[in-house]
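Each remark here refers to the structure printed beneath this line.
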Amino acid sequence: MSNELSAPSPWAKLKAKVQQKLGPWGVFFKGFLKHPVMVGSIIPSSRFTIRKMLAPVDWDNTKLFVEYGPGVGTFCRPILDRLPRSGTLIVIDTNKDFIDYLERSIGDSRFHAVHGSAADVEEIIAALGFDHADYVLSGLPFSTLPDGLGEEIAAATGRAVRPGGAFLVYQFSAACRTFMAPHFAKIDAGFEFWNILPCKLFWGWKE
């Protein structure tokens, strides 16, 4: 009797089967449906966006790289491929489904997935033994974040990034530039057409 009661329902079995078939896309889509305001796109970034966004990074001098809103790890693996063996990648997401998926799927001692808010980046990196990050990457949709959160994240990032480091942001709008400007003296801008949707790229450099 107890086995019958604990057996998954037909709907639960079907749901698990569909998610298994879709793999990371299924996890990403589920995350978008649960938290559309915090997930920038329903489609993960293209390889062209990844390559262009990461191109200015000085990998030889990168000890700590931080990513906000990693989703299913679209950027995580390319970052780990470029990161020195002595480097560390910390990803921060408010969506527990994404964090659980990344912890299961990425087996790399340099990788740390944290369930939390980007606004708490200083406390998060300090808890892992770091004073500053060399680079912070974000795909969070600044234009749709709750009131005050964009300013809070940008200010915390400005304090967390070391001099000479940068805040890397990819968005569908230029709204993030308003939040970045008070904390990053120089902001370079770019554009990637080969992405769904085409997106704007920003690199805020810390003097």
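By order in the structure tokens, chains are A, B, ...; within a chain, residues start at 1; ligands start at 1, following the order shown.
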Selection near Glu122 in chain A, 7 Å with only C-alpha atoms, sequence-local residues under 3 positions removed, as a VMD selection string: chain A and resid 125 to 126 156 160
7 Å contact set for range 46-58 of chain A, only C-alpha atoms, chain neighbours under 3 positions out, as a ChimeraX atom specification: /A:61-62,75,192,194-195,201
Neighbouring residues of range 168-170 of chain A were defined as those with any atom within 10 Å, considering only C-alpha atoms; residues of the same chain fewer than 4 positions away were excluded. Please report them as a PDB file with C-alpha atoms, in the first residue's frame.
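Listed below is the output, around29.pdb:
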```pdb
ATOM      1  CA  GLY A  40      16.114  38.138 -19.472  1.00  0.00           C
ATOM      2  CA  SER A  45      22.332  33.448 -25.570  1.00  0.00           C
ATOM      3  CA  THR A  49      27.032  36.749 -28.068  1.00  0.00           C
ATOM      4  CA  ILE A  50      29.149  34.661 -25.707  1.00  0.00           C
ATOM      5  CA  MET A  53      30.874  39.467 -24.589  1.00  0.00           C
ATOM      6  CA  LEU A  54      33.910  37.632 -23.181  1.00  0.00           C
ATOM      7  CA  PRO A  56      37.823  41.860 -23.680  1.00  0.00           C
ATOM      8  CA  VAL A  57      38.501  39.748 -20.558  1.00  0.00           C
ATOM      9  CA  GLU A  67      27.999  35.749 -13.079  1.00  0.00           C
ATOM     10  CA  TYR A  68      24.505  36.950 -12.209  1.00  0.00           C
ATOM     11  CA  TYR A 135      34.901  40.582 -13.678  1.00  0.00           C
ATOM     12  CA  VAL A 136      31.156  40.372 -13.156  1.00  0.00           C
ATOM     13  CA  LEU A 137      28.848  39.258 -15.971  1.00  0.00           C
ATOM     14  CA  SER A 138      25.103  39.871 -15.976  1.00  0.00           C
ATOM     15  CA  GLY A 139      22.187  38.998 -18.219  1.00  0.00           C
ATOM     16  CA  LEU A 140      19.624  40.213 -15.685  1.00  0.00           C
ATOM     17  CA  PRO A 141      16.954  42.391 -17.357  1.00  0.00           C
ATOM     18  CA  PHE A 142      17.596  45.741 -15.659  1.00  0.00           C
ATOM     19  CA  ALA A 174      20.129  50.146 -23.000  1.00  0.00           C
ATOM     20  CA  CYS A 176      21.375  49.102 -17.733  1.00  0.00           C
ATOM     21  CA  ARG A 177      23.699  51.915 -18.825  1.00  0.00           C
ATOM     22  CA  MET A 180      26.087  51.402 -14.490  1.00  0.00           C
ATOM     23  CA  ILE A 187      31.429  52.156 -20.543  1.00  0.00           C
ATOM     24  CA  ASP A 188      32.068  50.516 -23.909  1.00  0.00           C
ATOM     25  CA  ALA A 189      29.076  49.425 -25.963  1.00  0.00           C
ATOM     26  CA  GLY A 190      28.515  46.811 -28.657  1.00  0.00           C
ATOM     27  CA  PHE A 191      25.758  44.949 -30.464  1.00  0.00           C
ATOM     28  CA  GLU A 192      25.239  41.332 -31.483  1.00  0.00           C
ATOM     29  CA  CYS A 199      21.139  42.240 -28.014  1.00  0.00           C
ATOM     30  CA  LYS A 200      23.117  45.192 -26.746  1.00  0.00           C
ATOM     31  CA  LEU A 201      26.441  44.588 -24.998  1.00  0.00           C
ATOM     32  CA  PHE A 202      28.090  46.800 -22.383  1.00  0.00           C
ATOM     33  CA  TRP A 203      31.466  46.693 -20.640  1.00  0.00           C
ATOM     34  CA  GLY A 204      31.735  49.018 -17.626  1.00  0.00           C
ATOM     35  CA  TRP A 205      35.378  49.492 -16.595  1.00  0.00           C
TER      36      TRP A 205
END
```
Contacts of Leu128 in chain A within 10 Å, only C-alpha atoms, excl. fewer than 3 positions in-chain, as a PyMOL selection string: chain A and resi 88+90+112+123-125+131
Selected residues written out, C-alpha atoms, as a PDB file, in the first residue's frame:
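Saved the output as part_0.pdb:
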```
ATOM      1  CA  THR A  88      37.181  30.624  -9.509  1.00  0.00           C
ATOM      2  CA  ILE A  90      30.854  32.051  -8.758  1.00  0.00           C
ATOM      3  CA  HIS A 112      30.453  27.571  -7.113  1.00  0.00           C
ATOM      4  CA  GLU A 123      28.816  39.144   1.121  1.00  0.00           C
ATOM      5  CA  ILE A 124      28.777  36.135  -1.206  1.00  0.00           C
ATOM      6  CA  ILE A 125      32.322  36.584  -2.508  1.00  0.00           C
ATOM      7  CA  ASP A 131      37.927  40.664  -1.374  1.00  0.00           C
TER       8      ASP A 131
END
```
Secondary structure check, helix (DSSP H, G or I) residues of range 23-153 of chain A, as an MDAnalysis selection string: chainID A and resid 24:34 47:54 59:61 76:82 96:105 118:127 142:144 149:153
Next, dump the selected residues to file, keeping only C-alpha atoms, as an mmCIF file, in the first residue's frame.
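So the final result, stored in result-v2.cif, reads:
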```
data_model
loop_
_atom_site.group_PDB
_atom_site.id
_atom_site.type_symbol
_atom_site.label_atom_id
_atom_site.label_comp_id
_atom_site.auth_asym_id
_atom_site.auth_seq_id
_atom_site.Cartn_x
_atom_site.Cartn_y
_atom_site.Cartn_z
ATOM 1 C CA PRO A 24 18.689 22.252 -20.284
ATOM 2 C CA TRP A 25 16.125 23.908 -22.567
ATOM 3 C CA GLY A 26 13.372 22.425 -20.433
ATOM 4 C CA VAL A 27 14.958 23.729 -17.243
ATOM 5 C CA PHE A 28 15.459 27.160 -18.822
ATOM 6 C CA PHE A 29 11.861 27.369 -20.053
ATOM 7 C CA LYS A 30 10.545 26.272 -16.657
ATOM 8 C CA GLY A 31 12.668 28.959 -14.986
ATOM 9 C CA PHE A 32 11.366 31.614 -17.358
ATOM 10 C CA LEU A 33 7.755 30.668 -16.639
ATOM 11 C CA LYS A 34 8.322 30.795 -12.864
ATOM 12 C CA ARG A 47 27.636 31.457 -29.214
ATOM 13 C CA PHE A 48 28.251 34.743 -31.061
ATOM 14 C CA THR A 49 27.032 36.749 -28.068
ATOM 15 C CA ILE A 50 29.149 34.661 -25.707
ATOM 16 C CA ARG A 51 32.297 35.102 -27.792
ATOM 17 C CA LYS A 52 31.882 38.867 -28.201
ATOM 18 C CA MET A 53 30.874 39.467 -24.589
ATOM 19 C CA LEU A 54 33.910 37.632 -23.181
ATOM 20 C CA TRP A 59 41.952 35.775 -18.584
ATOM 21 C CA ASP A 60 45.583 35.442 -17.496
ATOM 22 C CA ASN A 61 44.898 37.899 -14.682
ATOM 23 C CA CYS A 76 29.426 28.977 -17.458
ATOM 24 C CA ARG A 77 31.135 26.415 -19.643
ATOM 25 C CA PRO A 78 32.796 28.938 -22.005
ATOM 26 C CA ILE A 79 34.006 30.878 -18.952
ATOM 27 C CA LEU A 80 35.450 27.748 -17.347
ATOM 28 C CA ASP A 81 37.126 26.847 -20.646
ATOM 29 C CA ARG A 82 38.957 30.200 -20.578
ATOM 30 C CA LYS A 96 16.697 27.420 -7.065
ATOM 31 C CA ASP A 97 15.866 25.239 -10.109
ATOM 32 C CA PHE A 98 18.768 26.762 -12.042
ATOM 33 C CA ILE A 99 21.181 26.412 -9.118
ATOM 34 C CA ASP A 100 20.220 22.765 -8.552
ATOM 35 C CA TYR A 101 20.632 22.007 -12.269
ATOM 36 C CA LEU A 102 24.069 23.656 -12.429
ATOM 37 C CA GLU A 103 25.307 21.843 -9.323
ATOM 38 C CA ARG A 104 24.258 18.532 -10.883
ATOM 39 C CA SER A 105 25.632 19.208 -14.360
ATOM 40 C CA ALA A 118 23.105 39.672 -6.987
ATOM 41 C CA ALA A 119 22.565 42.599 -4.606
ATOM 42 C CA ASP A 120 24.427 40.527 -1.985
ATOM 43 C CA VAL A 121 27.477 39.911 -4.178
ATOM 44 C CA GLU A 122 29.904 41.457 -1.676
ATOM 45 C CA GLU A 123 28.816 39.144 1.121
ATOM 46 C CA ILE A 124 28.777 36.135 -1.206
ATOM 47 C CA ILE A 125 32.322 36.584 -2.508
ATOM 48 C CA ALA A 126 33.599 37.383 1.005
ATOM 49 C CA ALA A 127 32.083 34.132 2.289
ATOM 50 C CA PHE A 142 17.596 45.741 -15.659
ATOM 51 C CA SER A 143 14.618 47.343 -17.405
ATOM 52 C CA THR A 144 12.132 44.976 -15.706
ATOM 53 C CA LEU A 149 16.868 46.548 -7.291
ATOM 54 C CA GLY A 150 18.744 47.622 -10.432
ATOM 55 C CA GLU A 151 20.384 50.516 -8.586
ATOM 56 C CA GLU A 152 21.215 48.251 -5.652
ATOM 57 C CA ILE A 153 22.831 45.589 -7.864
#
```
Long-range neighbours of Gly158 in chain A as a PyMOL selection string, 9 Å cut-off, only C-alpha atoms, 5 positions minimum in chain: chain A and resi 153+166-167+180+182-184+206
DSSP strand (DSSP E) selection over range 11-181 of chain A, as a ChimeraX atom specification: /A:64-68,88-93,111-115,133-138,161-171
Length of the CA of Ala113 in chain A to CA of Gly71 in chain A vector [Å]: 10.8 Å
